[in-house]
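Take a look at the structure below.
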Amino acid sequence: MLRAIGLGLALFVFWLALSGHYTPLLLSFGVLSTALVVFISVRMGVVDGDGVPLPIAVRTVLYLPWLMKEVFVANVVVAKLVLDPKLPISPRMVVFRGSQDTDLGRALYANSITLTPGTITTGVRGQEFEIHALSAADLETDEQSQMDRRCSRVERG
Amino acid sequence: MEMVLEVLSWISICGGLFFMLVGTIGILRLPDVYTRLHAAGMTDTMGAGFLILGLCFQAISGMMHDHPSWWTVLVRLVLIYAFLLFTSPIATHALARAGLAGGVEPWTNERGEG
């Protein structure tokens, strides 16, 4: 029930932000469509920890600034590689181990890796993440284990 | 204040264009599909990111002067970037997997392995 209310609130705020029209008629349409979506979601049985992961969503937002910083740093590194006349790349496939337990946590970690230029997740098997890296320097294990820890923290709280 | 926002906005937009350009150069220079995906990722994250940040400054500047309703523009710009953050790694991942499934060997400059 709490989850359904949370979903409804989130959807209505989303609707308000996108609408930009605040007449009683349009607002009531917004309330109605939000209620309809929540009703259908409850009937479909998707309003559970996987479908509406509210605490995880909050922690994901808190994780984003750090991820953005990492993405920026990695972008500068890859930009330097690309603009170097000698193109000093050494691409390779490697396997990382992630410490996440749930599919959501693994998806978060895999997408974080892909989002950071220089590393792309090409496959996930259980806790093993297959990664294509642009150069050996991208595999600073320090950074990767930090990302792994932070993703696990988002997952578990 | 307007001046500060204008300068920040154009610095961001030029930064975004720079990363778009470098990403494009990367797509042209790098040797195979997997390495090119790395360069394409730059245009998605930093290129689009700085462009949208620059447009956000424009929206804030408009909001503070004669268009108070432009906060919805700001919200939409932030949402665009949020959706890009969720979808672009999935597209990259799908392309890389399709390449591997299709038997495209990753290019390497190391002898004797992989």
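Within each chain, counting starts at residue 1; across the structure tokens, chains are named A, B, ... in the order shown, with ligands numbered 1 upward in that order.
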- request: With a cut-off of 6 Å and counting only C-alpha atoms, select all residues of chain A in contact with chain B and give the selection as a VMD selection string.
  value: chain A and resid 17 82 91 111 114 to 115 117 to 118 122
- prompt: Mind checking DSSP for chain A and telling me the strand (DSSP E) residues as a PyMOL selection string?
  reply: chain A and resi 92-97+119-125+128-133
Residues as selected, N, CA and C atoms, written as a tab-separated table (two decimals), in the first residue's frame, can you do that?
chain	number	residue	atom	x	y	z
A	92	ARG	N	41.46	-4.85	-24.82
A	92	ARG	CA	41.50	-6.23	-24.34
A	92	ARG	C	40.19	-6.58	-23.65
A	93	MET	N	39.93	-7.87	-23.53
A	93	MET	CA	38.76	-8.35	-22.79
A	93	MET	C	39.21	-8.82	-21.43
A	94	VAL	N	38.52	-8.39	-20.38
A	94	VAL	CA	38.88	-8.83	-19.03
A	94	VAL	C	37.61	-9.22	-18.28
A	95	VAL	N	37.78	-9.87	-17.16
A	95	VAL	CA	36.64	-10.27	-16.34
A	95	VAL	C	36.78	-9.63	-14.96
A	96	PHE	N	35.74	-8.93	-14.52
A	96	PHE	CA	35.70	-8.38	-13.17
A	96	PHE	C	34.75	-9.22	-12.33
A	97	ARG	N	34.95	-9.17	-11.03
A	97	ARG	CA	33.96	-9.79	-10.14
A	97	ARG	C	33.20	-8.67	-9.44
A	119	THR	N	35.53	1.60	-20.85
A	119	THR	CA	35.16	0.25	-20.46
A	119	THR	C	33.72	-0.01	-20.87
A	120	ILE	N	33.47	-1.21	-21.46
A	120	ILE	CA	32.11	-1.58	-21.86
A	120	ILE	C	31.83	-2.98	-21.33
A	121	THR	N	30.70	-3.16	-20.66
A	121	THR	CA	30.31	-4.49	-20.23
A	121	THR	C	29.74	-5.24	-21.43
A	122	THR	N	30.33	-6.39	-21.74
A	122	THR	CA	29.80	-7.15	-22.88
A	122	THR	C	29.00	-8.36	-22.43
A	123	GLY	N	29.06	-8.71	-21.15
A	123	GLY	CA	28.28	-9.85	-20.70
A	123	GLY	C	28.34	-9.98	-19.19
A	124	VAL	N	27.28	-10.50	-18.60
A	124	VAL	CA	27.26	-10.73	-17.16
A	124	VAL	C	26.84	-12.18	-16.93
A	125	ARG	N	27.71	-12.93	-16.23
A	125	ARG	CA	27.33	-14.30	-15.88
A	125	ARG	C	27.47	-14.43	-14.38
A	128	GLU	N	30.24	-12.56	-12.53
A	128	GLU	CA	31.37	-12.22	-13.37
A	128	GLU	C	30.93	-11.28	-14.48
A	129	PHE	N	31.63	-10.16	-14.58
A	129	PHE	CA	31.31	-9.14	-15.58
A	129	PHE	C	32.41	-9.16	-16.64
A	130	GLU	N	32.04	-9.52	-17.88
A	130	GLU	CA	33.00	-9.48	-18.98
A	130	GLU	C	33.08	-8.07	-19.49
A	131	ILE	N	34.30	-7.57	-19.63
A	131	ILE	CA	34.48	-6.17	-19.96
A	131	ILE	C	35.45	-6.00	-21.11
A	132	HIS	N	35.09	-5.13	-22.05
A	132	HIS	CA	36.02	-4.74	-23.10
A	132	HIS	C	36.60	-3.39	-22.71
A	133	ALA	N	37.94	-3.33	-22.60
A	133	ALA	CA	38.58	-2.09	-22.17
A	133	ALA	C	39.41	-1.53	-23.31
- request: Excluding Ile13 in chain B and residues on its chain fewer than 3 positions from it, collect all residues at most 8 Å away from it, counting only C-alpha atoms, and give them as a count of residues only.
  value: 10
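The two atoms in question, CA of Arg3 in chain A and CA of Ile56 in chain A, are spaced 12.7 Å apart.
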task: State, in Å with one decimal place, the distance from CA of Val38 in chain A to CA of Gly51 in chain A.
output: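 Atom-to-atom, CA of Val38 in chain A and CA of Gly51 in chain A are spaced 11.9 Å apart.
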field: Selection near Ile5 in chain A, 12 Å with only C-alpha atoms, sequence-local residues under 6 positions removed, as an NGL selection string
entry: :A and (11-12 or 34-35 or 37-39 or 41-42 or 47 or 52 or 54)
With C-alpha atoms retained, write the just-selected residues as a compact mmCIF listing (two decimals), in the first residue's frame.
# COMPACT_ATOMS: atom_id res chain seq x y z
CA LEU A 11 4.01 9.71 -11.06
CA PHE A 12 1.93 12.77 -10.19
CA THR A 34 -2.10 8.77 -12.18
CA ALA A 35 -4.75 6.81 -10.28
CA VAL A 37 -1.78 3.87 -13.86
CA VAL A 38 -1.34 2.95 -10.17
CA PHE A 39 -4.50 0.78 -10.31
CA SER A 41 0.20 -1.52 -11.93
CA VAL A 42 -1.24 -2.99 -8.71
CA VAL A 47 4.27 -2.81 -7.44
CA VAL A 52 9.01 0.22 -7.49
CA LEU A 54 11.87 3.56 -3.92
message: So that I can check the secondary structure, give me every residue of range 41-112 of chain B assigned helix (DSSP H, G or I) by backbone DSSP, as a ChimeraX atom specification.
response: /B:41-64,68-101
message: Can you tell me which residues surround Ala57 in chain A at a distance of at most 12 Å, considering only C-alpha atoms, apart from same-chain residues fewer than 4 positions away, and format the answer as a PyMOL selection string?
response: chain A and resi 6-7+10+49-53+61-64+104-105+108+154-157
Take the residues that were just selected and, keeping C-alpha atoms, output them as a PDB file, in the first residue's frame.
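Writing the result to part-v7.pdb gives the following:
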ATOM      1  CA  GLY A   6       4.760   6.340  -3.282  1.00  0.00           C
ATOM      2  CA  LEU A   7       4.404   5.309  -6.919  1.00  0.00           C
ATOM      3  CA  ALA A  10       6.152  10.045  -7.928  1.00  0.00           C
ATOM      4  CA  GLY A  49      10.516  -4.302  -4.449  1.00  0.00           C
ATOM      5  CA  ASP A  50      11.664  -4.885  -8.034  1.00  0.00           C
ATOM      6  CA  GLY A  51       9.059  -2.780  -9.829  1.00  0.00           C
ATOM      7  CA  VAL A  52       9.009   0.217  -7.489  1.00  0.00           C
ATOM      8  CA  PRO A  53      12.384   0.252  -5.708  1.00  0.00           C
ATOM      9  CA  VAL A  61      20.292   9.597  -7.135  1.00  0.00           C
ATOM     10  CA  LEU A  62      22.819  10.084  -4.324  1.00  0.00           C
ATOM     11  CA  TYR A  63      25.283   7.830  -6.197  1.00  0.00           C
ATOM     12  CA  LEU A  64      24.994   9.802  -9.463  1.00  0.00           C
ATOM     13  CA  LEU A 104      19.021  -4.670 -10.104  1.00  0.00           C
ATOM     14  CA  GLY A 105      22.393  -4.181  -8.408  1.00  0.00           C
ATOM     15  CA  LEU A 108      23.455  -0.789 -11.977  1.00  0.00           C
ATOM     16  CA  VAL A 154      23.164   1.494  -3.373  1.00  0.00           C
ATOM     17  CA  GLU A 155      21.715  -1.996  -3.573  1.00  0.00           C
ATOM     18  CA  ARG A 156      21.793  -2.832   0.143  1.00  0.00           C
ATOM     19  CA  GLY A 157      21.571   0.535   1.826  1.00  0.00           C
TER      20      GLY A 157
END
- prompt: Separation of CA of Ala107 in chain A and CA of Arg149 in chain A, in Å?
  reply: 14.1 Å
- request: Tell me, as a count of residues only, which residues lie within 10 Å of Glu2 in chain B, counting only C-alpha atoms; anything in the same chain fewer than 4 positions away does not count.
  value: 10
